[in-house]
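Below is target06.cif, holding mmCIF, C-alpha atoms; chains and numbers go by the auth columns.
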```cif
data_protein
loop_
_atom_site.group_PDB
_atom_site.id
_atom_site.type_symbol
_atom_site.label_atom_id
_atom_site.label_comp_id
_atom_site.label_asym_id
_atom_site.label_seq_id
_atom_site.Cartn_x
_atom_site.Cartn_y
_atom_site.Cartn_z
_atom_site.B_iso_or_equiv
_atom_site.auth_seq_id
_atom_site.auth_asym_id
ATOM 1 C CA MET A 1 32.962 -19.966 -67.772 0.00 142 A
ATOM 2 C CA ASP A 2 36.475 -20.290 -66.314 0.00 143 A
ATOM 3 C CA LYS A 3 36.920 -16.860 -64.779 0.00 144 A
ATOM 4 C CA VAL A 4 35.116 -13.642 -63.873 0.00 145 A
ATOM 5 C CA ARG A 5 36.550 -10.300 -65.001 0.00 146 A
ATOM 6 C CA ALA A 6 37.236 -7.957 -62.081 0.00 147 A
ATOM 7 C CA LYS A 7 35.130 -4.833 -62.595 0.00 148 A
ATOM 8 C CA LYS A 8 36.563 -1.561 -61.381 0.00 149 A
ATOM 9 C CA HIS A 9 33.166 0.129 -60.934 0.00 150 A
ATOM 10 C CA LEU A 10 32.167 -2.663 -58.520 0.00 151 A
ATOM 11 C CA GLY A 11 35.437 -2.383 -56.594 0.00 152 A
ATOM 12 C CA GLN A 12 36.267 -6.026 -57.304 0.00 153 A
ATOM 13 C CA HIS A 13 39.630 -7.422 -56.177 0.00 154 A
ATOM 14 C CA PHE A 14 39.542 -11.214 -56.137 0.00 155 A
ATOM 15 C CA LEU A 15 41.395 -12.915 -53.292 0.00 156 A
ATOM 16 C CA THR A 16 43.794 -15.574 -54.595 0.00 157 A
ATOM 17 C CA ASP A 17 45.277 -16.930 -51.339 0.00 158 A
ATOM 18 C CA GLU A 18 43.414 -20.056 -50.172 0.00 159 A
ATOM 19 C CA ASN A 19 44.849 -19.958 -46.633 0.00 160 A
ATOM 20 C CA ILE A 20 43.621 -16.417 -46.078 0.00 161 A
ATOM 21 C CA ALA A 21 40.198 -17.339 -47.463 0.00 162 A
ATOM 22 C CA LYS A 22 40.004 -20.244 -44.997 0.00 163 A
ATOM 23 C CA ASN A 23 41.116 -18.012 -42.110 0.00 164 A
ATOM 24 C CA ILE A 24 38.383 -15.490 -42.933 0.00 165 A
ATOM 25 C CA ALA A 25 35.788 -18.281 -43.015 0.00 166 A
ATOM 26 C CA ASP A 26 37.084 -19.524 -39.664 0.00 167 A
ATOM 27 C CA ALA A 27 36.616 -16.064 -38.133 0.00 168 A
ATOM 28 C CA LEU A 28 32.933 -16.901 -37.602 0.00 169 A
ATOM 29 C CA THR A 29 32.158 -18.742 -34.351 0.00 170 A
ATOM 30 C CA LEU A 30 28.832 -20.144 -35.723 0.00 171 A
ATOM 31 C CA GLU A 31 27.203 -19.375 -32.359 0.00 172 A
ATOM 32 C CA GLY A 32 23.655 -18.057 -32.158 0.00 173 A
ATOM 33 C CA TYR A 33 22.556 -18.603 -35.770 0.00 174 A
ATOM 34 C CA LYS A 34 22.096 -21.333 -38.375 0.00 175 A
ATOM 35 C CA LYS A 35 22.542 -19.305 -41.555 0.00 176 A
ATOM 36 C CA ILE A 36 25.304 -17.202 -43.116 0.00 177 A
ATOM 37 C CA LEU A 37 25.044 -14.509 -45.767 0.00 178 A
ATOM 38 C CA GLU A 38 28.198 -13.867 -47.769 0.00 179 A
ATOM 39 C CA ILE A 39 28.264 -10.474 -49.495 0.00 180 A
ATOM 40 C CA GLY A 40 30.031 -10.242 -52.857 0.00 181 A
ATOM 41 C CA PRO A 41 31.369 -13.796 -53.235 0.00 182 A
ATOM 42 C CA GLY A 42 32.897 -13.179 -56.691 0.00 183 A
ATOM 43 C CA MET A 43 34.298 -16.541 -57.801 0.00 184 A
ATOM 44 C CA GLY A 44 33.689 -18.233 -54.449 0.00 185 A
ATOM 45 C CA VAL A 45 37.187 -18.389 -52.959 0.00 186 A
ATOM 46 C CA LEU A 46 35.696 -17.774 -49.500 0.00 187 A
ATOM 47 C CA THR A 47 32.382 -19.484 -50.288 0.00 188 A
ATOM 48 C CA LYS A 48 33.953 -22.925 -50.732 0.00 189 A
ATOM 49 C CA TYR A 49 35.158 -22.899 -47.102 0.00 190 A
ATOM 50 C CA LEU A 50 31.803 -21.661 -45.806 0.00 191 A
ATOM 51 C CA LEU A 51 30.063 -24.518 -47.633 0.00 192 A
ATOM 52 C CA GLU A 52 32.205 -27.014 -45.674 0.00 193 A
ATOM 53 C CA LYS A 53 30.768 -25.764 -42.379 0.00 194 A
ATOM 54 C CA PRO A 54 27.709 -27.260 -40.631 0.00 195 A
ATOM 55 C CA ILE A 55 25.605 -24.237 -41.449 0.00 196 A
ATOM 56 C CA GLU A 56 23.405 -22.988 -44.302 0.00 197 A
ATOM 57 C CA THR A 57 25.237 -20.584 -46.625 0.00 198 A
ATOM 58 C CA TYR A 58 23.565 -17.970 -48.814 0.00 199 A
ATOM 59 C CA VAL A 59 25.337 -15.424 -51.019 0.00 200 A
ATOM 60 C CA ILE A 60 24.269 -12.043 -52.358 0.00 201 A
ATOM 61 C CA GLU A 61 25.984 -10.808 -55.521 0.00 202 A
ATOM 62 C CA ILE A 62 25.236 -7.808 -57.732 0.00 203 A
ATOM 63 C CA ASP A 63 27.544 -8.899 -60.589 0.00 204 A
ATOM 64 C CA ASN A 64 25.652 -11.064 -63.096 0.00 205 A
ATOM 65 C CA GLU A 65 28.871 -12.618 -64.403 0.00 206 A
ATOM 66 C CA SER A 66 29.763 -13.788 -60.885 0.00 207 A
ATOM 67 C CA VAL A 67 26.240 -15.163 -60.383 0.00 208 A
ATOM 68 C CA GLU A 68 26.620 -17.193 -63.576 0.00 209 A
ATOM 69 C CA TYR A 69 30.035 -18.472 -62.437 0.00 210 A
ATOM 70 C CA LEU A 70 28.756 -19.467 -58.974 0.00 211 A
ATOM 71 C CA ASN A 71 25.761 -21.291 -60.452 0.00 212 A
ATOM 72 C CA ALA A 72 28.092 -23.236 -62.748 0.00 213 A
ATOM 73 C CA HIS A 73 30.690 -24.164 -60.108 0.00 214 A
ATOM 74 C CA TYR A 74 28.904 -24.477 -56.753 0.00 215 A
ATOM 75 C CA PHE A 75 25.924 -26.795 -56.920 0.00 216 A
ATOM 76 C CA LYS A 76 25.360 -26.492 -53.157 0.00 217 A
ATOM 77 C CA LEU A 77 24.465 -22.840 -53.757 0.00 218 A
ATOM 78 C CA HIS A 78 21.603 -23.546 -56.127 0.00 219 A
ATOM 79 C CA GLY A 79 18.563 -21.676 -54.848 0.00 220 A
ATOM 80 C CA LYS A 80 20.731 -19.733 -52.387 0.00 221 A
ATOM 81 C CA ILE A 81 22.238 -17.111 -54.695 0.00 222 A
ATOM 82 C CA ILE A 82 20.559 -13.727 -54.290 0.00 223 A
ATOM 83 C CA SER A 83 21.237 -11.632 -57.395 0.00 224 A
ATOM 84 C CA GLU A 84 20.707 -8.246 -55.724 0.00 225 A
ATOM 85 C CA ASP A 85 22.434 -5.224 -54.195 0.00 226 A
ATOM 86 C CA PHE A 86 22.854 -5.843 -50.456 0.00 227 A
ATOM 87 C CA LEU A 87 22.561 -2.133 -49.675 0.00 228 A
ATOM 88 C CA ARG A 88 19.109 -1.913 -51.267 0.00 229 A
ATOM 89 C CA TYR A 89 17.631 -5.394 -50.973 0.00 230 A
ATOM 90 C CA ASP A 90 15.160 -6.323 -48.227 0.00 231 A
ATOM 91 C CA ILE A 91 16.936 -9.399 -46.891 0.00 232 A
ATOM 92 C CA THR A 92 13.918 -10.360 -44.758 0.00 233 A
ATOM 93 C CA LYS A 93 12.462 -11.743 -47.999 0.00 234 A
ATOM 94 C CA VAL A 94 14.985 -14.560 -47.574 0.00 235 A
ATOM 95 C CA PHE A 95 15.580 -14.831 -43.822 0.00 236 A
ATOM 96 C CA GLY A 96 12.428 -13.381 -42.307 0.00 237 A
ATOM 97 C CA ASP A 97 13.088 -12.771 -38.600 0.00 238 A
ATOM 98 C CA GLU A 98 15.641 -15.582 -38.377 0.00 239 A
ATOM 99 C CA PRO A 99 19.145 -14.616 -37.159 0.00 240 A
ATOM 100 C CA PHE A 100 22.032 -14.850 -39.616 0.00 241 A
ATOM 101 C CA ALA A 101 25.708 -13.916 -39.768 0.00 242 A
ATOM 102 C CA ILE A 102 27.330 -11.692 -42.381 0.00 243 A
ATOM 103 C CA ILE A 103 30.720 -12.370 -43.917 0.00 244 A
ATOM 104 C CA GLY A 104 32.618 -11.268 -47.010 0.00 245 A
ATOM 105 C CA ASN A 105 35.607 -9.821 -48.763 0.00 246 A
ATOM 106 C CA PHE A 106 33.895 -6.447 -49.016 0.00 247 A
ATOM 107 C CA PRO A 107 34.369 -3.974 -51.891 0.00 248 A
ATOM 108 C CA TYR A 108 36.340 -1.052 -50.454 0.00 249 A
ATOM 109 C CA ASN A 109 34.082 1.571 -52.018 0.00 250 A
ATOM 110 C CA ILE A 110 30.997 0.465 -50.068 0.00 251 A
ATOM 111 C CA SER A 111 32.432 -1.296 -46.999 0.00 252 A
ATOM 112 C CA SER A 112 31.407 1.410 -44.492 0.00 253 A
ATOM 113 C CA GLN A 113 27.905 1.436 -45.955 0.00 254 A
ATOM 114 C CA ILE A 114 27.740 -2.342 -45.486 0.00 255 A
ATOM 115 C CA VAL A 115 28.516 -1.898 -41.769 0.00 256 A
ATOM 116 C CA PHE A 116 25.864 0.811 -41.371 0.00 257 A
ATOM 117 C CA ARG A 117 23.318 -1.371 -43.184 0.00 258 A
ATOM 118 C CA ALA A 118 24.178 -4.283 -40.888 0.00 259 A
ATOM 119 C CA LEU A 119 23.726 -2.021 -37.855 0.00 260 A
ATOM 120 C CA GLU A 120 20.197 -1.283 -39.047 0.00 261 A
ATOM 121 C CA MET A 121 19.569 -5.050 -38.868 0.00 262 A
ATOM 122 C CA ARG A 122 21.446 -5.639 -35.603 0.00 263 A
ATOM 123 C CA ASP A 123 18.445 -7.450 -34.079 0.00 264 A
ATOM 124 C CA ARG A 124 18.973 -10.240 -36.622 0.00 265 A
ATOM 125 C CA ILE A 125 22.778 -10.226 -36.976 0.00 266 A
ATOM 126 C CA PRO A 126 24.570 -11.800 -33.977 0.00 267 A
ATOM 127 C CA GLU A 127 27.925 -11.905 -35.776 0.00 268 A
ATOM 128 C CA PHE A 128 29.712 -10.157 -38.628 0.00 269 A
ATOM 129 C CA ALA A 129 33.167 -10.922 -40.010 0.00 270 A
ATOM 130 C CA GLY A 130 35.062 -9.918 -43.092 0.00 271 A
ATOM 131 C CA MET A 131 37.790 -8.105 -44.933 0.00 272 A
ATOM 132 C CA PHE A 132 37.936 -4.355 -45.417 0.00 273 A
ATOM 133 C CA GLN A 133 40.461 -1.773 -46.464 0.00 274 A
ATOM 134 C CA LYS A 134 42.880 -1.856 -43.488 0.00 275 A
ATOM 135 C CA GLU A 135 42.100 1.741 -42.482 0.00 276 A
ATOM 136 C CA VAL A 136 38.362 1.035 -42.327 0.00 277 A
ATOM 137 C CA ALA A 137 38.816 -2.193 -40.313 0.00 278 A
ATOM 138 C CA GLU A 138 41.039 -0.302 -37.855 0.00 279 A
ATOM 139 C CA ARG A 139 38.518 2.543 -37.619 0.00 280 A
ATOM 140 C CA VAL A 140 35.673 0.151 -36.758 0.00 281 A
ATOM 141 C CA CYS A 141 37.772 -1.331 -33.921 0.00 282 A
ATOM 142 C CA GLU A 142 39.444 1.907 -32.755 0.00 283 A
ATOM 143 C CA LYS A 143 39.132 3.190 -29.187 0.00 284 A
ATOM 144 C CA LYS A 144 38.685 6.773 -28.009 0.00 285 A
ATOM 145 C CA GLY A 145 41.554 9.232 -28.239 0.00 286 A
ATOM 146 C CA SER A 146 42.607 8.393 -31.791 0.00 287 A
ATOM 147 C CA LYS A 147 42.259 10.573 -34.882 0.00 288 A
ATOM 148 C CA THR A 148 40.666 7.647 -36.727 0.00 289 A
ATOM 149 C CA TYR A 149 38.098 7.045 -33.968 0.00 290 A
ATOM 150 C CA GLY A 150 34.755 8.316 -35.216 0.00 291 A
ATOM 151 C CA ILE A 151 31.119 7.669 -36.084 0.00 292 A
ATOM 152 C CA LEU A 152 31.779 4.157 -37.407 0.00 293 A
ATOM 153 C CA SER A 153 33.733 3.219 -34.258 0.00 294 A
ATOM 154 C CA VAL A 154 31.169 4.478 -31.746 0.00 295 A
ATOM 155 C CA LEU A 155 28.020 3.224 -33.459 0.00 296 A
ATOM 156 C CA THR A 156 29.468 -0.239 -34.143 0.00 297 A
ATOM 157 C CA GLN A 157 30.919 -0.674 -30.648 0.00 298 A
ATOM 158 C CA ALA A 158 27.658 0.408 -29.027 0.00 299 A
ATOM 159 C CA PHE A 159 26.147 -2.908 -30.142 0.00 300 A
ATOM 160 C CA TYR A 160 29.102 -5.210 -30.955 0.00 301 A
ATOM 161 C CA GLU A 161 32.432 -6.293 -29.509 0.00 302 A
ATOM 162 C CA ALA A 162 34.869 -5.389 -32.288 0.00 303 A
ATOM 163 C CA GLU A 163 38.097 -7.321 -32.801 0.00 304 A
ATOM 164 C CA TYR A 164 40.774 -6.676 -35.434 0.00 305 A
ATOM 165 C CA LEU A 165 42.041 -10.142 -36.415 0.00 306 A
ATOM 166 C CA PHE A 166 44.812 -9.845 -39.005 0.00 307 A
ATOM 167 C CA THR A 167 46.254 -7.799 -41.875 0.00 308 A
ATOM 168 C CA VAL A 168 46.292 -8.974 -45.503 0.00 309 A
ATOM 169 C CA SER A 169 48.887 -7.938 -48.103 0.00 310 A
ATOM 170 C CA GLU A 170 47.776 -6.287 -51.323 0.00 311 A
ATOM 171 C CA ASN A 171 49.791 -8.936 -53.228 0.00 312 A
ATOM 172 C CA VAL A 172 47.241 -11.742 -52.702 0.00 313 A
ATOM 173 C CA PHE A 173 44.540 -10.188 -54.891 0.00 314 A
ATOM 174 C CA SER A 174 43.837 -10.056 -58.604 0.00 315 A
ATOM 175 C CA PRO A 175 44.069 -7.242 -59.500 0.00 316 A
ATOM 176 C CA PRO A 176 46.038 -6.070 -56.445 0.00 317 A
ATOM 177 C CA PRO A 177 44.535 -3.041 -54.658 0.00 318 A
ATOM 178 C CA LYS A 178 46.744 -0.091 -53.740 0.00 319 A
ATOM 179 C CA VAL A 179 46.283 -0.601 -49.997 0.00 320 A
ATOM 180 C CA LYS A 180 46.477 -3.372 -47.420 0.00 321 A
ATOM 181 C CA SER A 181 43.367 -5.081 -46.079 0.00 322 A
ATOM 182 C CA GLY A 182 42.274 -5.935 -42.568 0.00 323 A
ATOM 183 C CA VAL A 183 39.997 -8.682 -41.280 0.00 324 A
ATOM 184 C CA LEU A 184 37.740 -8.086 -38.290 0.00 325 A
ATOM 185 C CA ARG A 185 35.041 -9.834 -36.308 0.00 326 A
ATOM 186 C CA LEU A 186 32.027 -8.228 -34.646 0.00 327 A
ATOM 187 C CA LYS A 187 30.159 -10.209 -31.989 0.00 328 A
ATOM 188 C CA ARG A 188 26.903 -8.690 -30.824 0.00 329 A
ATOM 189 C CA LYS A 189 26.883 -7.800 -27.138 0.00 330 A
ATOM 190 C CA GLU A 190 24.742 -9.948 -24.898 0.00 331 A
ATOM 191 C CA ASN A 191 22.861 -6.851 -23.778 0.00 332 A
ATOM 192 C CA TYR A 192 22.898 -4.725 -26.927 0.00 333 A
ATOM 193 C CA LYS A 193 19.751 -2.697 -26.308 0.00 334 A
ATOM 194 C CA LEU A 194 20.805 0.816 -25.321 0.00 335 A
ATOM 195 C CA PRO A 195 19.330 2.418 -22.185 0.00 336 A
ATOM 196 C CA VAL A 196 18.509 5.522 -24.257 0.00 337 A
ATOM 197 C CA ASN A 197 16.495 6.439 -27.351 0.00 338 A
ATOM 198 C CA GLU A 198 18.654 4.821 -30.048 0.00 339 A
ATOM 199 C CA LYS A 199 17.589 7.283 -32.747 0.00 340 A
ATOM 200 C CA LEU A 200 18.687 10.180 -30.534 0.00 341 A
ATOM 201 C CA PHE A 201 21.955 8.356 -29.750 0.00 342 A
ATOM 202 C CA PHE A 202 22.757 7.987 -33.468 0.00 343 A
ATOM 203 C CA ASN A 203 21.917 11.653 -34.015 0.00 344 A
ATOM 204 C CA VAL A 204 24.122 12.859 -31.135 0.00 345 A
ATOM 205 C CA VAL A 205 27.117 10.783 -32.305 0.00 346 A
ATOM 206 C CA LYS A 206 26.831 11.867 -35.943 0.00 347 A
ATOM 207 C CA THR A 207 26.301 15.551 -35.086 0.00 348 A
ATOM 208 C CA ALA A 208 29.260 15.573 -32.697 0.00 349 A
ATOM 209 C CA PHE A 209 31.710 14.011 -35.167 0.00 350 A
ATOM 210 C CA ASN A 210 30.526 16.125 -38.098 0.00 351 A
ATOM 211 C CA GLN A 211 32.406 18.956 -36.372 0.00 352 A
ATOM 212 C CA ARG A 212 34.994 16.851 -34.619 0.00 353 A
ATOM 213 C CA ARG A 213 37.455 19.691 -33.974 0.00 354 A
ATOM 214 C CA LYS A 214 34.915 21.591 -31.905 0.00 355 A
ATOM 215 C CA THR A 215 33.959 20.914 -28.306 0.00 356 A
ATOM 216 C CA LEU A 216 30.573 19.312 -27.778 0.00 357 A
ATOM 217 C CA ARG A 217 29.300 22.614 -26.385 0.00 358 A
ATOM 218 C CA ASN A 218 29.683 24.071 -29.890 0.00 359 A
ATOM 219 C CA SER A 219 29.071 21.046 -32.127 0.00 360 A
ATOM 220 C CA LEU A 220 25.783 20.134 -30.409 0.00 361 A
ATOM 221 C CA LYS A 221 24.243 23.635 -30.495 0.00 362 A
ATOM 222 C CA THR A 222 21.372 22.399 -32.692 0.00 363 A
ATOM 223 C CA PHE A 223 20.031 20.437 -29.707 0.00 364 A
ATOM 224 C CA ASN A 224 19.144 23.739 -27.951 0.00 365 A
ATOM 225 C CA LEU A 225 20.882 22.753 -24.743 0.00 366 A
ATOM 226 C CA SER A 226 20.068 24.696 -21.610 0.00 367 A
ATOM 227 C CA ASP A 227 22.764 27.004 -20.218 0.00 368 A
ATOM 228 C CA ASN A 228 22.831 24.869 -17.087 0.00 369 A
ATOM 229 C CA LEU A 229 23.471 21.655 -19.055 0.00 370 A
ATOM 230 C CA LYS A 230 26.197 23.294 -21.148 0.00 371 A
ATOM 231 C CA GLU A 231 28.143 23.897 -17.933 0.00 372 A
ATOM 232 C CA ASP A 232 28.517 20.118 -17.508 0.00 373 A
ATOM 233 C CA SER A 233 32.213 19.249 -17.934 0.00 374 A
ATOM 234 C CA ILE A 234 31.458 16.682 -20.673 0.00 375 A
ATOM 235 C CA PHE A 235 30.539 19.527 -23.041 0.00 376 A
ATOM 236 C CA GLY A 236 34.075 20.876 -22.832 0.00 377 A
ATOM 237 C CA LEU A 237 35.397 17.732 -24.521 0.00 378 A
ATOM 238 C CA ARG A 238 35.799 16.925 -28.205 0.00 379 A
ATOM 239 C CA PRO A 239 33.974 13.835 -29.566 0.00 380 A
ATOM 240 C CA GLU A 240 37.071 11.642 -29.923 0.00 381 A
ATOM 241 C CA GLN A 241 37.619 11.982 -26.155 0.00 382 A
ATOM 242 C CA LEU A 242 34.352 10.134 -25.398 0.00 383 A
ATOM 243 C CA SER A 243 33.976 6.357 -25.238 0.00 384 A
ATOM 244 C CA THR A 244 30.815 4.646 -26.443 0.00 385 A
ATOM 245 C CA GLU A 245 29.625 4.532 -22.821 0.00 386 A
ATOM 246 C CA ASP A 246 30.301 8.281 -22.498 0.00 387 A
ATOM 247 C CA PHE A 247 28.150 8.937 -25.574 0.00 388 A
ATOM 248 C CA ILE A 248 25.337 6.917 -24.008 0.00 389 A
ATOM 249 C CA GLU A 249 25.586 9.050 -20.842 0.00 390 A
ATOM 250 C CA LEU A 250 25.704 12.197 -22.968 0.00 391 A
ATOM 251 C CA THR A 251 22.542 11.112 -24.781 0.00 392 A
ATOM 252 C CA LYS A 252 20.825 10.544 -21.432 0.00 393 A
ATOM 253 C CA LYS A 253 21.691 14.083 -20.354 0.00 394 A
ATOM 254 C CA ILE A 254 20.437 15.582 -23.610 0.00 395 A
ATOM 255 C CA ALA A 255 17.208 13.571 -23.378 0.00 396 A
ATOM 256 C CA ALA A 256 16.676 14.774 -19.795 0.00 397 A
ATOM 257 C CA ASN A 257 17.166 18.300 -21.087 0.00 398 A
ATOM 258 C CA GLY A 258 13.926 17.877 -23.033 0.00 399 A
ATOM 259 C CA VAL A 259 15.134 17.123 -26.594 0.00 400 A
#
```
Kindly transcribe the structure held in the file into structure tokens.
Amino acid sequence: MDKVRAKKHLGQHFLTDENIAKNIADALTLEGYKKILEIGPGMGVLTKYLLEKPIETYVIEIDNESVEYLNAHYFKLHGKIISEDFLRYDITKVFGDEPFAIIGNFPYNISSQIVFRALEMRDRIPEFAGMFQKEVAERVCEKKGSKTYGILSVLTQAFYEAEYLFTVSENVFSPPPKVKSGVLRLKRKENYKLPVNEKLFFNVVKTAFNQRRKTLRNSLKTFNLSDNLKEDSIFGLRPEQLSTEDFIELTKKIAANGV
């Protein structure tokens, strides 16, 4: 097999620029783990540079045609190709409790879901790097006060330092997408355990941004806040005006209110 057909329903756009592939691979610091999981390797343009590094590389690929291609062209991957859907597969079957990094040229249609899935496994993922639709990469790294700052920004930055690395033109893909791409790196914070109930924190952030035009006093009504707590000045703000740290403090106040 010489080539894999790009499948629209899988959101496949194969990167053709070797320099960019190498730069994405180099985005990982290789600190704090001995294994990497590449999501959606396609024909291995990024994989080849990962295999050169002093680290164990695994790939997870849902496309059977790509799996066949990788098996035929990358002998170092034999036994390390997981033919599954990352969003549904229990990756502990491969890594157990061992830490590993995530990297990839992620399909645009599921890239946010990949981040949320990685957040669920944050205890085992010290680092995450990869290419997204530019808007999504910017949103992950965005700070408070922006219209694009939202659930993805707050939840990711609660646990990781997010850094937007570089922009990639649509002209270096086959077939070319209709938008530019952005590469980012997430490094897990040294102290990433939140000083609040993390389930409540997630709930507060999601509920607040689901009605982002409203003040927190109105968007968080379902938490049955006391009249006294609602007088706190923070409840007069809209969610995009709060930093991650502010949301942690907000969660503390709601928890103390007896939620």
Point to revise | Selection result for the PyMOL selection byres ((chain A and resi 271-276) around 10) on this file, as a count of residues only | key: 43
Evaluated on this file, the PyMOL selection byres ((chain A and resi 350-366) around 8) picks out some residues - which ones are they, written as a PDB file with C-alpha atoms, keeping the file's coordinate frame?
```
ATOM      1  CA  GLY A 291      34.755   8.316 -35.216  1.00  0.00           C
ATOM      2  CA  ILE A 292      31.119   7.669 -36.084  1.00  0.00           C
ATOM      3  CA  VAL A 345      24.122  12.859 -31.135  1.00  0.00           C
ATOM      4  CA  VAL A 346      27.117  10.783 -32.305  1.00  0.00           C
ATOM      5  CA  LYS A 347      26.831  11.867 -35.943  1.00  0.00           C
ATOM      6  CA  THR A 348      26.301  15.551 -35.086  1.00  0.00           C
ATOM      7  CA  ALA A 349      29.260  15.573 -32.697  1.00  0.00           C
ATOM      8  CA  SER A 367      20.068  24.696 -21.610  1.00  0.00           C
ATOM      9  CA  ASP A 368      22.764  27.004 -20.218  1.00  0.00           C
ATOM     10  CA  LEU A 370      23.471  21.655 -19.055  1.00  0.00           C
ATOM     11  CA  LYS A 371      26.197  23.294 -21.148  1.00  0.00           C
ATOM     12  CA  ILE A 375      31.458  16.682 -20.673  1.00  0.00           C
ATOM     13  CA  PHE A 376      30.539  19.527 -23.041  1.00  0.00           C
ATOM     14  CA  GLY A 377      34.075  20.876 -22.832  1.00  0.00           C
ATOM     15  CA  LEU A 378      35.397  17.732 -24.521  1.00  0.00           C
ATOM     16  CA  ARG A 379      35.799  16.925 -28.205  1.00  0.00           C
ATOM     17  CA  PRO A 380      33.974  13.835 -29.566  1.00  0.00           C
ATOM     18  CA  GLU A 381      37.071  11.642 -29.923  1.00  0.00           C
ATOM     19  CA  ILE A 395      20.437  15.582 -23.610  1.00  0.00           C
ATOM     20  CA  ASN A 398      17.166  18.300 -21.087  1.00  0.00           C
ATOM     21  CA  VAL A 400      15.134  17.123 -26.594  1.00  0.00           C
TER      22      VAL A 400
END
```
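Of the listed residues (A:Ala213, A:Lys284, A:Ala242, A:Leu151), A:Ala242 comes nearest to Thr198 of chain A; the distances count only C-alpha atoms.
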Point to revise | Evaluate the PyMOL selection byres ((chain A and resi 333) around 9) and report residues as a count of residues only | key: 11
What lies within 7 Å of Leu187 of chain A using all atoms listed in the file, ignoring chain neighbours under 2 positions off, as an mmCIF file with C-alpha atoms, in the coordinates of the input?
```cif
data_model
loop_
_atom_site.group_PDB
_atom_site.id
_atom_site.type_symbol
_atom_site.label_atom_id
_atom_site.label_comp_id
_atom_site.auth_asym_id
_atom_site.auth_seq_id
_atom_site.Cartn_x
_atom_site.Cartn_y
_atom_site.Cartn_z
ATOM 1 C CA ALA A 162 40.198 -17.339 -47.463
ATOM 2 C CA LYS A 163 40.004 -20.244 -44.997
ATOM 3 C CA ALA A 166 35.788 -18.281 -43.015
ATOM 4 C CA PRO A 182 31.369 -13.796 -53.235
ATOM 5 C CA GLY A 185 33.689 -18.233 -54.449
ATOM 6 C CA LYS A 189 33.953 -22.925 -50.732
ATOM 7 C CA TYR A 190 35.158 -22.899 -47.102
ATOM 8 C CA LEU A 191 31.803 -21.661 -45.806
#
```
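The smallest atom-to-atom distance between Tyr290 of chain A and any of A:Leu178, A:Leu383, A:Leu211, A:Leu171, using only C-alpha atoms, is found for A:Leu383.
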Exercise for review: Show which residues sit within 9 Å of segment 221-225 of chain A, as a count of residues only. Count all atoms listed in the file, and ignore same-chain residues fewer than 2 positions away.
Suggested key: 19
